[in-house]
Each structure stands twice: as structure tokens, then as C-alpha cells.
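Report on the structure given below.
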Amino acid sequence: KAGVTQTPRYLIKTRGQQVTLSCSPISGHRSVSWYQQTPGQGLQFLFEYFSETQRNKGNFPGRFSGRQFSNSRSEMNVSTLELGDSALYLCASSLIPGQGAGDTQYFGPGTRLTVL
Amino acid sequence: GESVGLHLPTLSVQEGDNSIINCAYSNSASDYFIWYKQESGKGPQFIIDIRSNMDKRQGQRVTVLLNKTVKHLSLQIAATQPGDSAVYFCAETVYNAGNNRKLIWGLGTSLAVNP
């Protein structure tokens, strides 16, 4: 069974631009969660989607948004990029929601975003 | 507040030794805990979990111990191997205002295994 895939793997943007990241969950998984990982803050939960509905969200500004499609694939968008948005963005999928609290969560390799 | 902390940010051990990674959590209502391993260039990988009605759980070469009295969690790795070199995260379950479960992650401990 293929794992969680994320595209692109690396991205370089400049301040003020916007970016869209994509995540394809493991086949059959309907829950997708997004995380931001930085050396200083560790893993910070962004949001979670299940069956195309946002179930939970973290404490991030409205510039961060996401959506999930009927095939469970998910995208997250960051508008008006800031230098502090440079991070590794991780996507994880599971059978049921709960960010791994109710079911094992499988992570993708992440998208490394650099904002210049 | 919600926080999960780690006692040691880095740990260096000799190959073949046992490793112990510690984690302190703050939410006494947490009922589920997970350890993840993250190797360089990869996303976190589930290692082992434990529910609050247990104080010990064993996997293959790994053991998780839970002490609810002092809100402490530890991961023990037996006969540490070079492939165990990674960052290890503990995470606890909390409930938000909508009674949805979510994980709160620690900052991680970097384990370096010396050959």
C-alpha cells in the first residue's frame, strides 16, 4: 500500500506570495491532518479534515487555510507569505479523525517551504 | 496550559546500550500517549502508544512507561542501534472545547547512537 505523498517536496517563495501544498493520503484513509514543523516550535497542528469537513484547527492566522476533496486528497494554502512561514509542512492520514489520538496516523515526508 | 516537555533535548549513547528518553506532560486528563520517531528527511513514524489505564507497554525493543502520579512518560530502547538515531517525540491527547481529541506534541529529543 502506497504511503502518504506530498507535493512538492521543496518550495522557495518570496514574501507576499501565496503557496499551495498538496497531500494524498493512504488509500482508504479519510482523515488528513496538517502540521507545521520548525526547530524552535516543534510540530504545531494546523488543521484536520475528515470527509471534506474541517474537524479541528490549531492556532494559526487566517492566512493558513485548507480543504479536502471527495477523494480525500487535501491541499493547504498560505497567502501573503511571511519569513516566519519557512518550515517543514507535514501531512498525516488516518482512518478516523483525532490526529492519531484514535487511530494510528501516518505521515508523509513533508514539503520544505523556504520564504525569502 | 497545554504542553508536553522533554527533559533532555539531546541524548548520545553507545551502540548496544539501552536508551531512555523522558517526557513530562501537563494535562492530568490525558488518556492516551504516543511516541513517534522522525529520521532525517522523513515524517514522524509511530513507534508505540499507551493508554492511561496502563503503566507499561512493550514492543519490539521498545518499552513505554507511564507514571500518572508525576505525569511522566518514558521510552526505553533496548540494545540501541545506529538505525535508532533520530528525533523522538512524545505526544499526549487533549480534548478541545468541542470535545474533539487532538494531540499535543513535545519538542523532541535527538538521539545519537555512536558506533
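Ordering of the C-alpha cells sets the chain letters (A, B, ...); residue numbers start at 1 within each chain; ligands are numbered from 1 in the order shown.
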Taking only residues of chain B that have an atom at most 7 Å from an atom of chain A, what is each one's shortest atom pair and its distance in Å to one decimal, using only C-alpha atoms, in chain and number order, as CSV?
```
residue,atom,partner,partner_atom,distance
B:Tyr32,CA,A:Ala101,CA,6.9
B:Gly41,CA,A:Pro109,CA,6.8
B:Lys42,CA,A:Pro109,CA,4.6
B:Gly43,CA,A:Pro109,CA,4.6
B:Pro44,CA,A:Phe107,CA,6.0
B:Gln45,CA,A:Tyr106,CA,6.8
B:Thr93,CA,A:Ala101,CA,6.1
B:Arg101,CA,A:Gly98,CA,5.2
B:Lys102,CA,A:Gly98,CA,5.4
B:Leu103,CA,A:Gln99,CA,6.3
B:Trp105,CA,A:Leu43,CA,6.3
B:Leu107,CA,A:Gly42,CA,4.8
```
Option closest in space to Ser40 (chain B), from B:Gln58, B:Ser110, B:Asn53, B:Asn22 [counting only C-alpha atoms]: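 The answer is B:Ser110, which sits nearest to Ser40 (chain B).
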Region 5-113 of chain A: residues DSSP assigns to strand (DSSP E), reported as a PyMOL selection string: chain A and resi 5-7+10-13+19-24+31-38+42-50+53-57+64-68+74-78+87-94+106-107+111-113
Could you save the residues just selected, with C-alpha atoms, as a compact mmCIF listing (two decimals), in the first residue's frame?
```txt
# COMPACT_ATOMS: atom_id res chain seq x y z
CA THR A 5 2.60 11.53 -0.59
CA GLN A 6 3.19 15.25 -0.54
CA THR A 7 3.99 17.58 -3.39
CA TYR A 10 10.72 21.64 -1.78
CA LEU A 11 9.49 25.12 -2.49
CA ILE A 12 11.07 28.56 -2.44
CA LYS A 13 8.85 31.63 -2.36
CA VAL A 19 1.58 28.84 -1.91
CA THR A 20 -0.50 25.69 -2.23
CA LEU A 21 0.70 22.35 -0.91
CA SER A 22 -0.84 19.02 -1.77
CA CYS A 23 -1.27 15.80 0.17
CA SER A 24 -2.53 12.41 -0.98
CA SER A 31 -8.79 11.84 7.75
CA VAL A 32 -5.97 14.23 6.87
CA SER A 33 -4.13 16.49 9.28
CA TRP A 34 -1.59 19.20 8.55
CA TYR A 35 1.29 20.27 10.76
CA GLN A 36 3.96 22.92 10.65
CA GLN A 37 7.36 21.86 11.95
CA THR A 38 10.08 24.33 12.87
CA GLY A 42 8.35 21.66 17.07
CA LEU A 43 5.21 20.22 15.49
CA GLN A 44 2.30 22.61 15.52
CA PHE A 45 -1.13 21.39 14.48
CA LEU A 46 -2.70 23.38 11.66
CA PHE A 47 -5.99 21.66 10.87
CA GLU A 48 -7.68 18.36 10.35
CA TYR A 49 -10.13 17.30 7.68
CA PHE A 50 -12.45 14.33 7.58
CA THR A 53 -15.10 18.85 6.52
CA GLN A 54 -12.68 20.68 8.75
CA ARG A 55 -12.96 18.94 12.11
CA ASN A 56 -10.37 20.77 14.11
CA LYS A 57 -7.96 23.61 13.73
CA PHE A 64 -3.46 29.44 6.54
CA SER A 65 -6.32 27.55 5.01
CA GLY A 66 -7.04 24.11 3.71
CA ARG A 67 -9.56 21.91 2.04
CA GLN A 68 -10.23 18.28 1.33
CA SER A 74 -6.09 17.60 0.69
CA GLU A 75 -4.48 20.93 -0.04
CA MET A 76 -3.33 23.69 2.23
CA ASN A 77 -2.80 27.25 1.18
CA VAL A 78 -0.77 30.00 2.76
CA ALA A 87 9.09 25.44 7.80
CA LEU A 88 8.52 21.80 7.02
CA TYR A 89 4.83 21.22 6.39
CA LEU A 90 3.74 17.71 7.19
CA CYS A 91 0.59 15.93 6.22
CA ALA A 92 -0.68 12.85 8.00
CA SER A 93 -3.55 10.50 7.27
CA SER A 94 -5.55 8.05 9.33
CA TYR A 106 0.85 8.02 9.04
CA PHE A 107 2.97 10.95 7.94
CA THR A 111 7.15 19.90 1.98
CA ARG A 112 10.07 22.12 2.85
CA LEU A 113 8.97 25.72 2.31
```
Option closest in space to Gly62 (chain A), from A:Thr14, A:Ser79, A:Ser27, A:Ser86 [counting only C-alpha atoms]: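 The closest residue to Gly62 (chain A) is A:Ser79.
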For Gln76 (chain B), the nearest of the candidates B:Trp35, B:Asp17, B:Leu111, B:Val62, counting only C-alpha atoms: B:Val62
Surrounding residues of Arg61 (chain B) excluding itself and chain neighbours under 3 positions, 12 Å, only C-alpha atoms, as an MDAnalysis selection string: chainID B and resid 16:20 47:48 57:58 64 75:81 84
Distance of CA of Glu52 (chain A) from CA of Arg73 (chain A), expressed in Å to one decimal place: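 Between CA of Arg73 (chain A) and CA of Glu52 (chain A) the gap works out to 9.1 Å.
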Nearby residues (only C-alpha atoms) at most 6 Å from Phe89 (chain B), same-chain spacing under 6 positions excluded, as a PyMOL selection string: chain B and resi 35-36+106+108
